[in-house]
>>> print(open('run.cif').read())   # mmCIF, C-alpha atoms
data_start
#
loop_
_atom_site.label_atom_id
_atom_site.label_comp_id
_atom_site.auth_asym_id
_atom_site.auth_seq_id
_atom_site.Cartn_x
_atom_site.Cartn_y
_atom_site.Cartn_z
CA MET T 1 148.74 166.33 216.98
CA THR T 2 152.13 167.84 217.79
CA ALA T 3 152.76 171.50 218.40
CA PRO T 4 154.60 173.36 215.64
CA ALA T 5 158.31 173.80 216.15
CA PRO T 6 159.39 177.27 217.21
CA THR T 7 160.74 179.50 214.47
CA SER T 8 163.82 181.70 214.60
CA THR T 9 161.62 184.71 215.39
CA SER T 10 159.83 183.09 218.34
CA PRO T 11 160.94 184.77 221.62
CA THR T 12 162.57 182.46 224.08
CA ALA T 13 162.65 182.83 227.83
CA ARG T 14 166.23 184.01 227.63
CA HIS T 15 165.36 186.68 225.09
CA VAL T 16 162.42 187.88 227.17
CA TRP T 17 164.60 188.08 230.27
CA ARG T 18 167.36 189.99 228.46
CA ARG T 19 164.81 192.50 227.18
CA ALA T 20 162.95 192.97 230.45
CA ARG T 21 165.75 192.82 232.99
CA GLY T 22 166.66 196.49 232.53
CA LEU T 23 163.10 197.65 233.18
CA LEU T 24 162.75 195.29 236.14
CA LEU T 25 166.01 196.57 237.62
CA ALA T 26 164.92 200.20 237.18
CA ALA T 27 161.55 199.46 238.80
CA ALA T 28 163.27 197.73 241.73
CA ILE T 29 165.62 200.69 242.23
CA ILE T 30 162.71 203.15 242.18
CA ALA T 31 160.73 201.04 244.68
CA VAL T 32 163.67 200.68 247.07
CA THR T 33 164.46 204.40 246.82
CA ALA T 34 160.85 205.31 247.57
CA VAL T 35 160.79 203.04 250.63
CA VAL T 36 164.09 204.42 251.93
CA LEU T 37 163.01 208.04 251.43
CA ALA T 38 159.68 207.36 253.11
CA ALA T 39 161.46 205.75 256.06
CA LEU T 40 163.96 208.59 256.36
CA ARG T 41 161.34 211.32 256.11
CA SER T 42 158.75 209.66 258.28
CA GLY T 43 160.58 210.68 261.44
CA ASP T 44 161.05 214.24 260.21
CA GLU T 45 157.54 215.10 259.11
CA ASN T 46 155.09 212.58 260.55
CA GLY T 47 154.01 213.70 263.99
CA ALA T 48 155.84 217.02 263.97
CA LEU T 49 155.00 218.86 267.22
CA ASP T 50 152.61 216.04 268.10
CA PRO T 51 152.55 215.19 271.82
CA ARG T 52 152.03 211.52 270.90
CA SER T 53 155.05 211.29 268.58
CA PRO T 54 158.46 210.06 269.81
CA ALA T 55 160.11 211.18 266.56
CA PRO T 56 162.93 213.74 266.76
CA TYR T 57 160.56 216.53 265.73
CA GLY T 58 157.66 215.28 267.85
CA SER T 59 156.78 216.56 271.32
CA LYS T 60 156.06 213.43 273.32
CA ALA T 61 158.89 214.20 275.76
CA VAL T 62 157.25 217.50 276.75
CA SER T 63 153.90 215.78 277.23
CA ARG T 64 155.50 213.07 279.39
CA LEU T 65 157.23 215.61 281.62
CA LEU T 66 154.05 217.63 281.99
CA SER T 67 152.16 214.48 282.97
CA GLU T 68 154.71 213.79 285.69
CA HIS T 69 153.99 217.29 287.05
CA GLY T 70 150.22 216.75 287.11
CA VAL T 71 149.31 218.48 283.84
CA ARG T 72 146.89 216.53 281.66
CA THR T 73 147.44 216.83 277.89
CA LYS T 74 144.47 216.49 275.57
CA VAL T 75 144.78 216.52 271.78
CA LEU T 76 141.99 218.36 269.96
CA THR T 77 141.40 217.77 266.26
CA ASN T 78 138.30 219.80 265.41
CA PRO T 79 136.89 223.21 266.31
CA ALA T 80 133.86 221.76 268.13
CA GLN T 81 136.14 220.15 270.74
CA LEU T 82 137.99 223.43 271.13
CA ARG T 83 134.82 225.39 271.88
CA THR T 84 133.67 222.98 274.57
CA SER T 85 137.01 222.31 276.26
CA VAL T 86 138.55 225.74 276.80
CA GLY T 87 138.30 227.21 280.26
CA PRO T 88 140.19 229.52 282.64
CA ASP T 89 142.26 226.59 283.95
CA THR T 90 143.45 225.47 280.51
CA THR T 91 146.42 226.26 278.32
CA VAL T 92 145.85 226.05 274.56
CA ILE T 93 148.85 225.48 272.30
CA VAL T 94 148.51 225.87 268.53
CA PRO T 95 151.58 224.33 266.85
CA PHE T 96 150.61 225.26 263.27
CA PRO T 97 148.54 228.46 263.37
CA ASP T 98 149.51 229.36 259.79
CA SER T 99 147.62 226.32 258.47
CA LEU T 100 144.27 227.50 259.83
CA ASP T 101 141.71 228.94 257.44
CA ASP T 102 139.61 232.00 258.23
CA ASP T 103 136.80 230.04 259.88
CA ARG T 104 139.18 228.16 262.19
CA ARG T 105 140.99 231.35 263.08
CA THR T 106 137.69 232.93 264.07
CA THR T 107 136.78 229.88 266.14
CA LEU T 108 140.19 229.87 267.83
CA ARG T 109 140.07 233.58 268.59
CA THR T 110 136.59 233.30 270.08
CA ALA T 111 137.26 230.13 272.08
CA THR T 112 140.52 231.29 273.63
CA ARG T 113 139.10 234.51 275.08
CA GLY T 114 138.30 232.59 278.24
CA SER T 115 141.44 230.44 278.34
CA GLY T 116 144.14 230.79 280.93
CA ARG T 117 146.91 230.90 278.32
CA THR T 118 147.19 230.62 274.55
CA VAL T 119 150.55 229.66 273.01
CA LEU T 120 151.00 230.34 269.29
CA VAL T 121 154.01 228.65 267.74
CA ALA T 122 155.78 230.65 265.00
CA PRO T 123 152.79 232.55 263.57
CA ASN T 124 153.62 234.56 260.46
CA PRO T 125 152.58 238.23 260.04
CA GLN T 126 149.17 237.39 258.54
CA THR T 127 148.32 234.89 261.26
CA THR T 128 149.54 237.21 264.01
CA ALA T 129 147.36 240.03 262.70
CA ALA T 130 144.33 237.71 262.50
CA LEU T 131 144.66 236.19 266.00
CA THR T 132 146.07 239.08 268.07
CA ARG T 133 145.88 242.86 268.37
CA GLY T 134 148.67 245.39 268.43
CA ILE T 135 151.49 242.92 267.70
CA ARG T 136 153.86 243.45 264.80
CA THR T 137 155.87 240.65 263.21
CA ALA T 138 159.40 241.06 261.80
CA ASP T 139 161.42 238.85 259.48
CA PRO T 140 162.65 235.60 261.04
CA ALA T 141 166.11 235.27 262.54
CA GLN T 142 168.32 232.21 262.71
CA VAL T 143 167.65 229.87 265.62
CA ARG T 144 170.48 229.82 268.13
CA THR T 145 171.09 229.78 271.86
CA THR T 146 169.79 233.10 273.21
CA ALA T 147 169.73 234.70 276.65
CA PRO T 148 166.34 235.66 278.21
CA ALA T 149 167.05 239.38 278.66
CA CYS T 150 163.64 239.97 280.30
CA LYS T 151 161.87 239.87 283.68
CA LEU T 152 159.43 237.08 282.84
CA PRO T 153 159.85 234.55 285.69
CA ALA T 154 159.58 231.54 283.39
CA ALA T 155 162.31 232.83 281.07
CA HIS T 156 164.47 233.99 283.97
CA ARG T 157 164.38 230.54 285.59
CA ALA T 158 164.94 228.70 282.29
CA GLY T 159 167.94 230.75 281.24
CA ASP T 160 169.41 230.36 277.78
CA ALA T 161 167.20 228.57 275.23
CA ASP T 162 167.21 227.75 271.51
CA LEU T 163 165.06 230.48 270.03
CA GLY T 164 164.86 232.51 266.86
CA GLY T 165 162.46 232.50 263.95
CA PHE T 166 159.84 235.24 263.74
CA ARG T 167 160.36 238.30 265.93
CA TYR T 168 157.55 240.23 267.59
CA SER T 169 157.03 243.66 269.10
CA THR T 170 154.15 245.48 270.76
CA ALA T 171 153.40 248.84 272.33
CA ALA T 172 151.65 247.26 275.34
CA GLN T 173 153.37 248.40 278.57
CA ASP T 174 152.67 245.18 280.51
CA ALA T 175 154.02 242.83 277.79
CA ASP T 176 157.15 240.72 278.36
CA SER T 177 159.62 240.73 275.48
CA CYS T 178 162.18 237.95 275.93
CA TYR T 179 165.05 236.38 274.00
CA LEU T 180 165.61 239.49 271.94
CA ARG T 181 167.14 239.40 268.47
CA ASP T 182 168.00 242.82 267.03
CA GLY T 183 165.75 244.48 269.58
CA LYS T 184 162.66 242.34 268.91
CA ALA T 185 161.38 239.42 270.96
CA THR T 186 161.38 235.81 269.82
CA LEU T 187 159.20 235.08 272.87
CA LEU T 188 156.47 237.62 273.54
CA ARG T 189 153.90 237.39 276.36
CA VAL T 190 150.89 239.71 276.21
CA PRO T 191 148.43 239.61 279.18
CA HIS T 192 144.68 239.84 278.60
CA SER T 193 142.21 241.92 280.48
CA ALA T 194 140.00 239.89 282.84
CA PRO T 195 136.59 238.96 281.32
CA ALA T 196 133.48 240.38 282.88
CA GLY T 197 132.43 238.38 285.95
CA SER T 198 135.80 236.63 286.19
CA GLY T 199 138.65 237.42 288.49
CA ALA T 200 141.30 235.73 286.37
CA ALA T 201 143.03 237.17 283.33
CA GLY T 202 144.79 235.02 280.78
CA ASP T 203 147.61 235.79 278.40
CA THR T 204 148.94 234.98 274.94
CA VAL T 205 152.48 233.76 274.31
CA LEU T 206 154.08 233.91 270.86
CA LEU T 207 157.08 231.66 270.20
CA GLY T 208 159.13 232.60 267.16
CA SER T 209 160.40 229.06 266.68
CA PRO T 210 159.18 225.58 267.75
CA ASP T 211 162.72 224.29 268.51
CA PRO T 212 162.39 224.26 272.34
CA LEU T 213 159.41 221.88 272.03
CA TYR T 214 161.12 219.25 269.87
CA ASN T 215 162.13 215.95 271.39
CA LYS T 216 165.60 216.26 269.91
CA HIS T 217 166.25 219.67 271.56
CA LEU T 218 164.40 219.29 274.83
CA ASP T 219 167.48 218.27 276.85
CA GLU T 220 169.61 221.17 275.54
CA HIS T 221 170.18 224.38 277.52
CA GLY T 222 166.98 225.63 279.18
CA ASN T 223 164.54 224.30 276.59
CA ALA T 224 162.88 221.78 278.92
CA SER T 225 162.43 224.29 281.72
CA LEU T 226 161.04 226.95 279.41
CA SER T 227 158.63 224.50 277.73
CA LEU T 228 157.34 223.14 281.04
CA GLN T 229 156.72 226.60 282.49
CA LEU T 230 155.01 227.94 279.38
CA LEU T 231 152.76 224.90 278.90
CA GLY T 232 152.31 223.80 282.50
CA SER T 233 150.95 226.94 284.08
CA HIS T 234 147.46 225.34 284.28
CA SER T 235 146.15 221.91 285.14
CA GLN T 236 145.08 221.01 281.60
CA LEU T 237 146.89 221.48 278.29
CA LEU T 238 144.83 221.48 275.09
CA TRP T 239 147.02 220.60 272.10
CA TYR T 240 145.17 221.85 269.02
CA LEU T 241 146.09 219.76 265.93
CA PRO T 242 143.22 220.24 263.46
CA GLU T 243 143.00 217.59 260.77
CA ALA T 244 142.92 218.56 257.11
CA THR T 245 139.63 216.72 256.63
CA ASP T 246 137.81 218.78 259.28
CA ALA T 247 137.28 221.79 257.11
CA GLY T 248 134.99 221.03 254.21
CA PRO T 249 134.48 223.31 251.22
CA ALA T 250 132.25 226.31 251.51
CA PRO T 251 128.69 225.89 250.21
CA ASN T 252 129.46 227.80 247.01
CA GLU T 253 133.00 226.49 246.61
CA GLU T 254 133.69 223.88 243.94
CA ARG T 255 136.67 221.58 244.36
CA SER T 256 138.16 219.57 241.52
CA PHE T 257 139.42 216.02 241.71
CA LEU T 258 143.02 217.27 241.91
CA ASP T 259 142.16 219.40 244.95
CA LEU T 260 141.09 216.26 246.80
CA LEU T 261 144.39 214.47 246.22
CA PRO T 262 147.14 214.81 248.83
CA SER T 263 150.03 217.03 247.80
CA GLY T 264 152.46 214.11 247.79
CA TRP T 265 150.61 212.40 244.95
CA SER T 266 151.41 215.22 242.53
CA TRP T 267 155.13 214.86 243.21
CA ALA T 268 154.89 211.09 242.88
CA ALA T 269 153.09 211.44 239.53
CA LEU T 270 155.76 213.87 238.33
CA GLN T 271 158.55 211.49 239.32
CA LEU T 272 156.82 208.59 237.56
CA ALA T 273 156.39 210.71 234.42
CA VAL T 274 160.09 211.59 234.40
CA ALA T 275 161.01 207.94 234.95
CA ALA T 276 158.71 206.85 232.12
CA ALA T 277 160.24 209.45 229.79
CA PHE T 278 163.76 208.21 230.57
CA ALA T 279 162.64 204.60 230.07
CA ALA T 280 161.09 205.50 226.70
CA LEU T 281 164.29 207.23 225.59
CA TRP T 282 166.33 204.26 226.76
CA ARG T 283 164.19 201.66 225.02
CA ALA T 284 163.36 203.68 221.89
CA ARG T 285 164.54 202.33 218.56
CA ARG T 286 167.70 204.12 217.54
CA LEU T 287 167.99 205.40 213.96
CA GLY T 288 171.18 204.16 212.32
CA PRO T 289 172.55 203.96 208.77
CA LEU T 290 170.52 202.17 206.14
CA VAL T 291 171.43 198.50 205.70
CA THR T 292 171.00 196.80 202.35
CA GLU T 293 169.26 193.45 202.39
CA ARG T 294 169.01 190.90 199.60
CA LEU T 295 165.45 190.15 198.60
CA PRO T 296 164.36 186.53 199.02
CA ALA T 297 163.12 186.43 195.40
CA GLN T 298 163.66 188.43 192.24
CA VAL T 299 160.48 189.92 190.76
CA PRO T 300 160.57 190.81 187.04
CA ALA T 301 159.96 194.46 186.32
CA ALA T 302 156.99 193.67 184.06
CA GLU T 303 155.24 191.79 186.86
CA ALA T 304 155.90 194.59 189.36
CA THR T 305 154.53 197.14 186.88
CA GLU T 306 151.45 195.03 186.16
CA GLY T 307 150.82 194.48 189.88
CA ARG T 308 151.09 198.21 190.56
CA ALA T 309 148.69 198.94 187.71
CA ARG T 310 146.16 196.50 189.12
CA LEU T 311 146.38 198.19 192.50
CA TYR T 312 145.71 201.55 190.85
CA ARG T 313 142.77 200.03 188.97
CA ARG T 314 141.28 198.47 192.10
CA ALA T 315 141.52 201.77 193.99
CA ASN T 316 140.29 203.86 191.01
CA ALA T 317 143.47 205.88 191.49
CA ARG T 318 143.59 207.32 187.98
CA HIS T 319 145.24 210.49 189.26
CA HIS T 320 148.15 208.50 190.73
CA ALA T 321 148.52 206.51 187.51
CA ALA T 322 148.47 209.68 185.42
CA ASP T 323 151.03 211.38 187.66
CA THR T 324 153.34 208.36 187.41
CA LEU T 325 153.10 208.21 183.61
CA ARG T 326 153.61 211.96 183.17
CA ALA T 327 156.60 211.95 185.55
CA ALA T 328 158.22 209.08 183.63
CA THR T 329 157.70 210.89 180.32
CA ARG T 330 159.17 214.12 181.66
CA THR T 331 162.18 212.22 183.03
CA ARG T 332 162.91 210.61 179.63
CA LEU T 333 162.36 213.81 177.64
CA ALA T 334 164.40 216.16 179.84
CA PRO T 335 167.92 214.99 178.74
CA ARG T 336 166.90 215.07 175.07
CA ILE T 337 165.76 218.69 175.15
CA GLY T 338 168.60 219.91 177.38
CA VAL T 339 166.74 220.27 180.67
CA PRO T 340 168.47 219.01 183.87
CA LEU T 341 166.70 216.15 185.60
CA ALA T 342 166.29 218.34 188.68
CA GLU T 343 164.13 220.68 186.54
CA ALA T 344 162.23 217.97 184.71
CA HIS T 345 159.13 218.29 186.86
CA ARG T 346 158.82 222.07 186.63
CA SER T 347 156.56 223.38 183.91
CA GLU T 348 158.54 226.64 183.74
CA SER T 349 161.57 224.70 182.51
CA MET T 350 160.04 221.87 180.48
CA ILE T 351 157.35 223.63 178.43
CA PRO T 352 159.53 226.38 176.83
CA ALA T 353 162.23 223.83 175.97
CA LEU T 354 159.72 221.46 174.36
CA ALA T 355 158.08 224.30 172.46
CA ASP T 356 161.46 225.39 171.07
CA GLN T 357 162.30 221.86 169.97
CA ALA T 358 158.92 221.41 168.28
CA ALA T 359 158.92 224.80 166.51
CA GLY T 360 158.17 224.49 162.82
CA ALA T 361 156.99 220.87 163.09
CA SER T 362 153.42 219.63 163.22
CA ASP T 363 151.97 216.73 165.14
CA ALA T 364 149.62 214.20 163.61
CA ARG T 365 146.78 215.95 165.40
CA GLY T 366 148.36 219.37 165.19
CA THR T 367 147.71 220.12 168.84
CA HIS T 368 150.69 219.04 170.92
CA THR T 369 153.22 221.55 169.70
CA GLU T 370 151.56 224.55 171.31
CA PRO T 371 152.79 225.46 174.84
CA ALA T 372 149.25 225.29 176.25
CA ALA T 373 148.70 221.84 174.80
CA LEU T 374 152.09 220.62 176.07
CA ARG T 375 151.35 221.97 179.52
CA SER T 376 147.95 220.26 179.57
CA LEU T 377 149.53 216.99 178.44
CA LEU T 378 152.49 216.91 180.87
CA PHE T 379 151.13 218.90 183.81
CA GLY T 380 147.37 218.86 183.28
CA PRO T 381 144.53 217.70 185.53
CA PRO T 382 143.90 214.00 186.19
CA PRO T 383 141.74 212.12 183.67
CA ARG T 384 138.02 211.87 184.40
CA ASP T 385 137.58 208.18 183.47
CA ASP T 386 139.43 205.18 182.12
CA ALA T 387 138.93 206.24 178.53
CA ALA T 388 140.56 209.58 179.23
CA LEU T 389 143.45 207.75 180.93
CA VAL T 390 143.98 205.54 177.84
CA ALA T 391 143.90 208.62 175.62
CA LEU T 392 146.50 210.28 177.86
CA VAL T 393 148.75 207.25 177.52
CA ASP T 394 148.47 207.35 173.73
CA ASP T 395 149.28 211.07 173.63
CA LEU T 396 152.33 210.61 175.90
CA ASP T 397 153.56 207.77 173.67
CA ARG T 398 153.28 209.90 170.54
CA LEU T 399 155.08 212.80 172.26
CA GLU T 400 157.98 210.55 173.23
CA ARG T 401 158.23 209.02 169.74
CA ARG T 402 158.34 212.49 168.29
CA PHE T 403 161.32 213.57 170.39
CA LEU T 404 163.06 210.26 171.06
CA GLY T 405 162.51 208.68 167.66
CA HIS T 406 161.37 205.27 169.02
CA ASN T 407 158.81 203.72 171.35
CA PRO T 408 159.50 204.04 175.06
CA PRO T 409 160.99 200.93 176.64
CA GLY T 410 158.37 198.23 177.20
CA THR T 411 155.66 200.12 175.25
CA PRO T 412 153.81 197.94 172.69
CA PRO T 413 152.98 199.58 169.35
CA THR T 414 149.51 201.02 169.03
CA ASP T 415 147.07 200.48 166.16
CA LYS T 416 147.94 203.91 164.77
CA ASP T 417 151.64 203.00 164.78
CA VAL T 418 150.89 199.80 162.80
CA ARG T 419 148.79 201.66 160.28
CA SER T 420 151.45 204.29 159.84
#
>>> encode(input="run.cif", output="structure tokens")
Amino acid sequence: MTAPAPTSTSPTARHVWRRARGLLLAAAIIAVTAVVLAALRSGDENGALDPRSPAPYGSKAVSRLLSEHGVRTKVLTNPAQLRTSVGPDTTVIVPFPDSLDDDRRTTLRTATRGSGRTVLVAPNPQTTAALTRGIRTADPAQVRTTAPACKLPAAHRAGDADLGGFRYSTAAQDADSCYLRDGKATLLRVPHSAPAGSGAAGDTVLLGSPDPLYNKHLDEHGNASLSLQLLGSHSQLLWYLPEATDAGPAPNEERSFLDLLPSGWSWAALQLAVAAAFAALWRARRLGPLVTERLPAQVPAAEATEGRARLYRRANARHHAADTLRAATRTRLAPRIGVPLAEAHRSESMIPALADQAAGASDARGTHTEPAALRSLLFGPPPRDDAALVALVDDLDRLERRFLGHNPPGTPPTDKDVRS
């Protein structure tokens, strides 16, 4: 048994390729673009201010230099580690204090009371108010090379450094305000009072900008010296980088499925939706002018009419049949009584004209010359059964013979016509 030969409508491999190559090319471009963007942005965002990252915005260079000077760097990722690791011989650096929730801020504030030094990198006004006392935060300034302009030994030895960002001020007399911008410090050191039973007092340092800690800026001006002195004042450096998964929802807090998705997925979904919309517009069927096409076979009008009638009969669609018959009658009567074809299907135009034409004459039944009877005949409700439909057909035939003077085209004579 042989396979049937392909027809002219069967898609060939060439046709399939010509139809799909545009979509495949668009998908390839989107995939390559996504890979390139991910590669370009990976060095900018992944590992930012991370002492293990060699990326331009990482801080591995600072950690390596501190290690060469005997300072051990330990990365902490959850509050429990922070509580057990802080001591008077430790420096705690918080690269992203603005990302901490209220619980983590409370943990950080409590744990760092006994630390030797706490370094907060670019805290905004809300974070500064939550983690410190008596410090006011001003609008950020542009990062640029700035002179120390203070007596802090670390800043004095480092000299000019790339600082800016948030600016801080305090009324404390023993605070060191360095690298001033418009009279406010972009590096502020505030000493703590010594805890009870301890002879050592720590301090808090606020950096308005993280630029001196970046790998890409460490070898510029006095950035390396300033970073080493701020972070290397004690034998151990605790680098606090809390993970997003550490903080679970509160007991009474409900989180939806969308809250659990990373933020990047929403942007990816939006980009895919835009791409799909453009693809749909590109591949959508375009509406053009109507094109005439020769039918493969000629169907006689009588057969088409009979087939349509059978469909109406099978569906019990007497209302559609009645509407079609009434519309045809109105269309044939309208020119005879002086009604435009555009008004032929409006009872307000047809009924008065028919009543005027039929004035003074009488129908065989004596009922179809009255306006109410004409309106019921031409615009009335659908027939209830087949008998009522046949009666409607007979009445429409008689109305047309009365005004047209002959049987409608294709209408066989009825028994009443033969008798008359």
>>> residues_around(input="run.cif", residues="Arg318 (chain T)", least_positions_apart="6", cutoff="8 Å", atoms="all atoms listed in the file", output="list in words")
Tyr312, Pro382, Pro383, Asp385, Asp386 and Leu389 of chain T
>>> resolve_selection(input="run.cif", expression="the PyMOL selection byres ((chain T and resi 375) around 12)", output="MDAnalysis selection string")
chainID T and resid 326 330 345:355 367:374 376:381 396
>>> closest_residue(input="run.cif", among="T:Gln173, T:Ser99, T:Gln357, T:Ser59", to="Asp211 (chain T)", atoms="all atoms listed in the file")
T:Ser59
>>> resolve_selection(input="run.cif", expression="the PyMOL selection byres ((chain T and resi 82) around 12)", output="number ranges by chain")
T: 74-81, 83-87, 90-94, 104-115, 237-242
>>> residues_around(input="run.cif", residues="Ala61 (chain T)", least_positions_apart="6", cutoff="8 Å", atoms="all atoms listed in the file", output="VMD selection string")
chain T and resid 51 54 215 218
>>> atom_distance(input="run.cif", atom1="CA of Ala327 (chain T)", atom2="CA of Pro289 (chain T)")
29.3 Å
>>> atom_distance(input="run.cif", atom1="CA of Ala315 (chain T)", atom2="CA of Ala302 (chain T)")
20.1 Å
